[in-house]
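**Student:** First, the structure itself, so that you have it in front of you.
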Amino acid sequence: MNRVALVTGGSRGIGAATVQRLAQMGFHVAFTYRAARDEAQAVAAQVESWGRKALPIQLDLVELGRIQPTVDLVAEKLGGLHVLVNNAGYVQRLPPESLTLADWERMIQVGLTAPFLFIQAAVPHMKDAGFGRIVNVSSLRALTGSAHGVHYAAAKAGLLGLTKSFALALAPYKITVNAVCPGFVDTDINKEQLRTKGAEILRQIPLGRVASPAEVAALIAFLCSEEAGYITGATFSINGGLRMD
Ligand SMILES: NC(=O)c1ccc[n+]([C@@H]2O[C@H](COP(=O)([O-])OP(=O)(O)OC[C@H]3O[C@@H](n4cnc5c(N)ncnc54)[C@H](OP(=O)(O)O)[C@@H]3O)[C@@H](O)[C@H]2O)c1
């Protein structure tokens with residue numbers, strides 16, 4: 001297979017696990033990272049050890065003007081673009097009254113505007129290829145809200161509207177667009193919260209544990225597969241039963 005995937009935030013956590021899973025499925029994989037160069041190099045080396053091409057690209061998603069050229073570079077270097085996973089993200093825990101306009105704008109840029117621009121840039125390549133799968137990594141917080149992350153929850157909820165809208169717009173081209181909403185996953189993003197409130201959190205999760213990044217990556221990878229061609233505009237919860245829709 002010579003299909004190409006692009007994953008944002010592929011240096012750590014869910015993104016790194018997704019890069020690995022897609023490479024194991026046979027994709028050549030480009031991925032972005034913001035600062036974790038060593039981790040990104042290690043992920044790339046792993047992909048190459050499986051005989052697939054890897055292309056790590058440093059990109060802070062606030063640099064919105066770099067998104068289109070980045071996507072075009074991936075297609076040029078790896079031979080097209082078939083799969084996009086909008087995964088990069090961060091949390092910032094603050095009560096709403098403490099959030100500055102700059103905090104709000106950065107979160108919306110990274111969590112919502114950047115995914116929009118990545119999709120816009122990727123679609124022409126997917127149309128050329130006659131195949132397209134887009135997965136947006138949202139969050140349980142898009143469904144529940146977050147008292148200490150109103151900007152995070154707003155960006156993640158916006159991502160669900162973006163998913164459904166692009167699913168409608170791209171259905172005539174057989175390009176599918178779906179969202180996943182993880183609950184608590186064992187990554188750096190919530191290390192502090194799990195350290196301080198771990199026991200309380202685990203008590204609320206019917207399955208009694210957090211997810212591994214690989215478990216979330218497996219769901220994302222399935223949505224990127226040939227077999228997932230009839231799934232579009234859908235939102236998938238993966239939260240150990242914490243919230244059942
Ligand atoms: N873990 C959870 O429990 C959980 C739950 C719900 C949703 N999610 C979502 O899942 C996605 C992945 O999270 P994770 O838990 O895997 O987090 P993580 O381990 O902290 O990894 C985050 C990734 O995003 C990149 N990133 C962060 N800010 C960025 C920015 N401004 N520009 C470009 N890249 C940036 C990081 O790059 P560097 O490595 O270079 O910093 C890293 O590759 C996020 O969208 C998050 O909101 C996670």
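Within each chain, counting starts at residue 1; across the structure tokens, chains are named A, B, ... in the order shown, with ligands numbered 1 upward in that order.
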I need the helix (DSSP H, G or I) residues of region 6-98 of chain A per DSSP on the backbone, written as a PyMOL selection string.
**Tutor:** chain A and resi 13-24+37-49+64-78+96-98
**Student:** Could you give me, as a Markdown table, every region 42-135 of chain A residue with an atom at most 10 Å from region 224-241 of chain A, plus its closest atom pair and distance in Å to one decimal, counting only C-alpha atoms, rows ordered by chain then number?
**Tutor:**
| residue | atom | partner | partner_atom | distance |
| --- | --- | --- | --- | --- |
| A:His82 | CA | A:Cys224 | CA | 8.9 |
| A:Val83 | CA | A:Cys224 | CA | 6.5 |
| A:Leu84 | CA | A:Cys224 | CA | 8.4 |
| A:Val85 | CA | A:Cys224 | CA | 8.6 |
| A:Phe131 | CA | A:Glu226 | CA | 8.9 |
| A:Gly132 | CA | A:Cys224 | CA | 8.2 |
| A:Arg133 | CA | A:Cys224 | CA | 5.3 |
| A:Ile134 | CA | A:Cys224 | CA | 7.1 |
| A:Val135 | CA | A:Cys224 | CA | 7.4 |
**Student:** Include N, CA and C atoms and write out the residues we just selected as an mmCIF file, in the first residue's frame.
**Tutor:**
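After the write, again_25.cif holds the following:
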data_model
loop_
_atom_site.group_PDB
_atom_site.id
_atom_site.type_symbol
_atom_site.label_atom_id
_atom_site.label_comp_id
_atom_site.auth_asym_id
_atom_site.auth_seq_id
_atom_site.Cartn_x
_atom_site.Cartn_y
_atom_site.Cartn_z
ATOM 1 N N HIS A 82 -4.012 10.806 1.906
ATOM 2 C CA HIS A 82 -5.250 10.015 1.953
ATOM 3 C C HIS A 82 -5.970 10.086 3.287
ATOM 4 N N VAL A 83 -5.198 10.350 4.347
ATOM 5 C CA VAL A 83 -5.768 10.324 5.707
ATOM 6 C C VAL A 83 -5.262 11.531 6.488
ATOM 7 N N LEU A 84 -6.180 12.194 7.195
ATOM 8 C CA LEU A 84 -5.798 13.303 8.088
ATOM 9 C C LEU A 84 -6.378 13.034 9.473
ATOM 10 N N VAL A 85 -5.529 13.078 10.477
ATOM 11 C CA VAL A 85 -6.008 12.975 11.861
ATOM 12 C C VAL A 85 -5.653 14.279 12.573
ATOM 13 N N PHE A 131 -9.700 8.970 -2.513
ATOM 14 C CA PHE A 131 -9.874 8.313 -1.207
ATOM 15 C C PHE A 131 -9.606 9.343 -0.129
ATOM 16 N N GLY A 132 -10.431 9.372 0.891
ATOM 17 C CA GLY A 132 -10.176 10.313 1.981
ATOM 18 C C GLY A 132 -10.821 9.880 3.282
ATOM 19 N N ARG A 133 -10.038 9.962 4.332
ATOM 20 C CA ARG A 133 -10.544 9.706 5.690
ATOM 21 C C ARG A 133 -10.018 10.823 6.590
ATOM 22 N N ILE A 134 -10.934 11.459 7.304
ATOM 23 C CA ILE A 134 -10.546 12.522 8.237
ATOM 24 C C ILE A 134 -11.096 12.162 9.620
ATOM 25 N N VAL A 135 -10.240 12.222 10.623
ATOM 26 C CA VAL A 135 -10.687 11.971 12.004
ATOM 27 C C VAL A 135 -10.266 13.164 12.860
#
**Student:** For the atom pair CA of Asp72 (chain A) and CA of Asp60 (chain A), what is the interatomic distance in Å to one decimal place?
**Tutor:**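 CA of Asp60 (chain A) lies at a distance of 16.8 Å from CA of Asp72 (chain A).
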**Student:** I'd like to know which of A:His148, A:His125, A:Leu64, A:Ala45 is closest to Gln193 (chain A), using only C-alpha atoms.
**Tutor:**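 Going through A:His148, A:His125, A:Leu64, A:Ala45 one by one, the smallest distance to Gln193 (chain A) is for A:His148.
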**Student:** Using only C-alpha atoms and all ligand atoms, which of the listed residues (A:Glu200, A:Glu97, A:Asp188, A:Glu76) sits closest to ligand 1?
**Tutor:** A:Asp188
**Student:** Please determine, counting only C-alpha atoms, which residue among A:Asn136, A:Arg195, A:Val150, A:Pro69 has the shortest atom-to-atom distance to Val177 (chain A).
**Tutor:**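 Using only C-alpha atoms, the shortest distance to Val177 (chain A) belongs to A:Asn136.
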**Student:** Taking the DSSP secondary structure from the backbone, can you list the residues of region 50-190 of chain A that are strand (DSSP E or B), as a VMD selection string?
**Tutor:** chain A and resid 54 to 58 83 to 86 132 to 137 175 to 182 185
